[in-house]
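Trainee: Enclosed is the structure file coords-v1.txt (compact mmCIF, C-alpha atoms and all ligand atoms).
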# COMPACT_ATOMS: atom_id res chain seq x y z
CA MET A 144 -27.14 32.37 -58.77
CA GLY A 145 -24.70 32.08 -55.87
CA GLU A 146 -23.81 35.74 -56.10
CA SER A 147 -27.35 37.06 -56.09
CA LEU A 148 -28.17 34.85 -53.12
CA THR A 149 -25.27 36.37 -51.16
CA ASP A 150 -26.41 39.88 -52.08
CA THR A 151 -29.88 39.12 -50.82
CA PHE A 152 -28.40 37.85 -47.56
CA GLN A 153 -26.58 41.10 -47.00
CA MET A 154 -29.67 43.21 -47.61
CA LEU A 155 -31.82 41.29 -45.21
CA GLU A 156 -32.01 42.19 -41.58
CA ASP A 157 -35.08 40.29 -40.51
CA PRO A 158 -33.80 37.09 -38.80
CA ASP A 159 -36.91 35.15 -39.85
CA GLU A 160 -36.26 35.80 -43.51
CA LEU A 161 -32.65 34.90 -43.00
CA ALA A 162 -33.73 31.56 -41.60
CA VAL A 163 -35.94 30.96 -44.63
CA LEU A 164 -33.06 31.72 -46.95
CA GLU A 165 -30.79 29.39 -45.05
CA GLU A 166 -33.40 26.69 -45.40
CA ILE A 167 -33.53 27.26 -49.14
CA GLN A 168 -29.78 27.08 -49.37
CA GLN A 169 -29.78 23.87 -47.36
CA GLU A 170 -32.39 22.43 -49.67
CA LEU A 171 -30.33 23.31 -52.72
CA ILE A 172 -27.34 21.51 -51.23
CA LEU A 173 -29.47 18.44 -50.51
CA GLN A 174 -30.83 18.49 -54.05
CA GLU A 175 -27.33 18.62 -55.44
CA GLN A 176 -26.35 15.66 -53.27
CA SER A 177 -29.27 13.55 -54.42
CA VAL A 178 -28.46 14.30 -58.06
CA LEU A 179 -24.90 13.18 -57.43
CA GLU A 180 -26.13 10.05 -55.71
CA GLU A 181 -28.42 9.23 -58.62
CA TYR A 182 -25.54 9.69 -61.01
CA GLU A 183 -23.35 7.37 -59.00
CA GLN A 184 -26.13 4.79 -58.85
CA SER A 185 -26.57 4.88 -62.62
CA LEU A 186 -22.82 4.42 -63.06
CA GLN A 187 -23.01 1.40 -60.81
CA PHE A 188 -25.93 0.09 -62.82
CA ASP A 189 -23.97 0.39 -66.07
CA GLU A 190 -21.13 -1.52 -64.52
CA GLU A 191 -23.48 -4.29 -63.43
CA CYS A 192 -24.87 -4.53 -66.96
CA LEU A 193 -21.42 -4.80 -68.40
CA ASN A 194 -20.45 -7.48 -65.93
CA ALA A 195 -23.59 -9.45 -66.71
CA MET A 196 -22.78 -9.28 -70.41
CA LEU A 197 -19.22 -10.45 -69.84
CA ASP A 198 -20.49 -13.25 -67.65
CA GLY A 199 -22.77 -14.28 -70.48
CA LEU A 200 -19.82 -14.48 -72.85
CA ASP A 201 -17.82 -16.49 -70.37
CA THR A 202 -20.52 -19.07 -69.93
CA SER A 203 -19.56 -21.22 -72.84
CA ASP A 204 -22.46 -23.65 -72.60
CA LYS A 205 -24.98 -21.08 -73.82
CA VAL A 206 -26.21 -21.22 -77.39
CA ILE A 207 -27.91 -18.17 -78.89
CA CYS A 208 -31.05 -19.05 -80.82
CA PRO A 209 -30.21 -18.69 -84.55
CA VAL A 210 -33.82 -17.87 -85.41
CA CYS A 211 -34.47 -14.87 -83.15
CA ARG A 212 -30.81 -14.17 -82.27
CA LYS A 213 -31.97 -12.79 -78.94
CA ASN A 214 -32.56 -15.60 -76.48
CA ASN A 215 -30.49 -18.54 -75.40
CA LEU A 216 -31.65 -21.92 -76.54
CA THR A 217 -32.68 -24.30 -73.84
CA VAL A 218 -31.27 -27.71 -74.63
CA ARG A 219 -32.61 -30.95 -73.17
CA SER A 220 -31.45 -34.34 -74.38
CA HIS A 221 -34.60 -34.83 -76.46
CA LEU A 222 -35.70 -31.24 -76.93
CA VAL A 223 -34.40 -27.86 -78.05
CA PHE A 224 -36.54 -24.80 -77.46
CA CYS A 225 -36.53 -21.03 -77.30
CA GLN A 226 -38.78 -18.29 -75.95
CA CYS A 227 -39.45 -17.15 -79.53
CA GLY A 228 -41.43 -20.31 -80.24
CA LEU A 229 -38.72 -22.59 -81.60
CA TYR A 230 -39.50 -26.07 -80.35
CA ILE A 231 -37.76 -29.06 -81.86
CA SER A 232 -37.53 -32.62 -80.64
CA THR A 233 -34.10 -34.23 -80.89
CA GLN A 234 -32.22 -37.19 -79.56
CA GLY A 235 -29.22 -37.08 -77.26
CA MET A 236 -28.68 -33.37 -77.80
CA THR A 237 -26.33 -31.27 -75.70
CA GLU A 238 -25.44 -27.57 -75.80
CA GLU A 239 -21.95 -28.48 -76.96
CA LYS A 240 -23.20 -30.66 -79.81
CA LEU A 241 -25.71 -28.05 -80.88
CA ARG A 242 -23.16 -25.26 -80.88
CA SER A 243 -20.65 -27.18 -82.96
CA LEU A 244 -23.44 -28.21 -85.31
CA LEU A 245 -24.40 -24.57 -85.83
CA GLU A 246 -20.80 -23.45 -86.13
CA ASN A 247 -19.87 -26.19 -88.59
CA THR A 248 -22.88 -25.54 -90.80
CA LEU A 249 -22.23 -21.80 -90.82
CA THR A 250 -18.50 -22.26 -91.49
CA GLU A 251 -19.20 -24.72 -94.26
CA HIS A 252 -21.61 -22.30 -95.92
CA SER A 253 -19.21 -19.37 -95.55
CA HIS A 254 -16.63 -21.30 -97.60
CA ARG A 255 -18.80 -21.18 -100.68
CA CYS A 256 -20.95 -18.10 -100.08
CA PHE A 257 -20.47 -14.70 -98.46
CA HIS A 258 -24.14 -14.16 -97.71
CA ASN A 259 -25.46 -14.61 -94.19
CA PRO A 260 -27.85 -17.55 -94.27
CA GLU A 261 -31.21 -17.47 -92.58
CA PHE A 262 -32.47 -19.86 -89.96
CA THR A 263 -36.09 -20.82 -89.94
CA VAL A 264 -38.28 -23.41 -88.33
CA THR A 265 -40.40 -25.55 -90.59
CA SER A 266 -43.76 -26.61 -89.36
CA GLY A 267 -45.91 -29.09 -91.21
CA MET A 268 -49.13 -30.54 -89.93
CA GLU A 269 -47.83 -34.09 -90.01
CA GLU A 270 -44.10 -33.64 -90.29
CA GLU A 271 -42.02 -33.00 -87.25
CA THR A 272 -40.68 -29.48 -86.78
CA SER A 273 -37.12 -28.98 -87.91
CA LEU A 274 -34.54 -26.23 -87.93
CA LEU A 275 -33.55 -25.15 -91.39
CA MET A 276 -30.64 -23.04 -92.60
CA SER A 277 -31.32 -21.52 -95.99
CA CYS A 278 -29.62 -19.03 -98.23
CA SER A 279 -31.31 -17.22 -101.10
CA VAL A 280 -28.01 -16.15 -102.65
CA CYS A 281 -26.44 -19.56 -103.28
CA ASP A 282 -29.86 -21.21 -103.30
CA SER A 283 -29.04 -23.85 -100.71
CA TRP A 284 -30.66 -25.22 -97.63
CA THR A 285 -29.64 -27.54 -94.84
CA ILE A 286 -31.66 -29.26 -92.17
CA LEU A 287 -29.83 -28.81 -88.89
CA LEU A 288 -32.23 -30.49 -86.54
ZN ZN B 1 -35.40 -17.93 -80.57
ZN ZN B 2 -25.33 -18.79 -99.48
Could you write out this structure as structure tokens?

Mentor:
Amino acid sequence: MGESLTDTFQMLEDPDELAVLEEIQQELILQEQSVLEEYEQSLQFDEECLNAMLDGLDTSDKVICPVCRKNNLTVRSHLVFCQCGLYISTQGMTEEKLRSLLENTLTEHSHRCFHNPEFTVTSGMEEETSLLMSCSVCDSWTILL
């Protein structure tokens, strides 16, 4: 590409056409620069993503919702809820209490069973909603909240 462009330059004598070719070359350089810039921007974006993820890990008062495993649970003293629809009323709940509750229940289960238990939300018409950990392998279930 570069070679053929130089050859064309040498064959041309008309100054107007030369100017056009120079313009094209200039444009190619600009294009290359913008591609490089985009690449650098995407690198920067990746770095920001990584930092955000690390920040999330550092923030120890966040509790991942065990039901959807995507969102953080929002914990109020009398309420625990998640974007996925989990909505449970509690009393005197904190993120710390909730996390240790989840961890303890999971650890306790892992002592007697290797299967990953499932978390579900029960919803009865008259009963209050509660968070349930159940396992089909060892046939056990525990009400967490
Ligand atoms: Zn959720
Ligand atoms: Zn089990």

Trainee: Mind giving me the straight-line distance from CA of Gly235 in chain A to CA of Val223 in chain A in Å, one decimal?

Mentor: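 Distance between the two atoms: 10.6 Å.
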
Trainee: For CA of Ser273 in chain A and CA of Thr237 in chain A, quote the distance in Å rounded to one decimal.

Mentor: 16.5 Å

Trainee: Interatomic distance between CA of Gln234 in chain A and CA of His252 in chain A?

Mentor: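 Computed distance, CA of Gln234 in chain A to CA of His252 in chain A, equals 24.5 Å.
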
Trainee: Show me, as a list in words, the residues that have an atom within 12 Å of Arg212 in chain A when counting all atoms listed in the file, minus same-chain residues fewer than 5 positions from it.

Mentor: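 The filter keeps Val206, Ile207, Cys225, Gln226, Cys227, Leu229, Glu261, Phe262 and Thr263 of chain A.
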
Trainee: Tell me, as number ranges by chain, which residues lie within 12 Å of range 219-221 of chain A, counting all atoms listed in the file; anything in the same chain fewer than 2 positions away does not count.

Mentor: A: 216-217, 223-225, 230-241, 288

Trainee: Of the candidates A:Leu161, A:Thr272, A:Asp282, A:Ile172, which one gets nearest to Leu222 in chain A if we count all atoms listed in the file?

Mentor: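 Using all atoms listed in the file, Leu222 in chain A sits closest to A:Thr272.
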
Trainee: Could you pull out the residues sitting within 8 Å of ligand ZN 2 (chain B), using all atoms listed in the file, and write them as a list in words?

Mentor: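 Residues lying within 8 Å of ligand ZN 2 (chain B): His252, Ser253, Arg255, Cys256, Phe257, His258, Asn259, Pro260, Ser277, Cys278, Ser279, Val280, Cys281, Asp282 and Ser283 of chain A.
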
Trainee: Neighbours of Thr248 in chain A within 10 Å (only C-alpha atoms; same-chain residues fewer than 4 positions away dropped), as a list in words?

Mentor: Arg242, Ser243, Leu244, His252, Ser253, Met276, Thr285, Ile286 and Leu287 of chain A

Trainee: I'd like to know which of A:Asn194, A:Asn215, A:Ser177, A:Gln168 is closest to ligand ZN 1 (chain B), using all atoms listed in the file.

Mentor: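 Looking at the shortest contact to ligand ZN 1 (chain B), the residue is A:Asn215.
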
Trainee: Under the rule that all atoms listed in the file are counted, which of A:Tyr182, A:Leu274, A:Gly228, A:Phe188 is the nearest residue to ligand ZN 1 (chain B)?

Mentor: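 Selected residue with least distance to ligand ZN 1 (chain B): A:Gly228.
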
Trainee: Choose the residue, out of A:Val178, A:Cys208, A:Leu245, A:Leu173, that has the smallest atom-to-atom separation from ligand ZN 1 (chain B); count all atoms listed in the file.

Mentor: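 Under the stated criterion, the closest residue is A:Cys208.
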
Trainee: Between A:Glu251, A:Glu180, A:Val210, A:Ser266, single out the one closest to ligand ZN 1 (chain B), counting all atoms listed in the file.

Mentor: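 Of A:Glu251, A:Glu180, A:Val210, A:Ser266, the one nearest ligand ZN 1 (chain B) is A:Val210, counting all atoms listed in the file.
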
Trainee: If the box runs along x, y and z of the file and leaves 5 Å on each side of range 223-226 of chain A, what are its centre and edge lengths in Å, one decimal, as AutoDock Vina command-line options?

Mentor:
--center_x -36.6 --center_y -23.1 --center_z -77.0 --size_x 14.4 --size_y 19.6 --size_z 12.1

Trainee: Just checking: using all atoms listed in the file, which residue out of A:Gln174, A:Ala162, A:Cys211, A:Lys205 ends up closest to ligand ZN 1 (chain B)?

Mentor: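 The closest residue to ligand ZN 1 (chain B) is A:Cys211.
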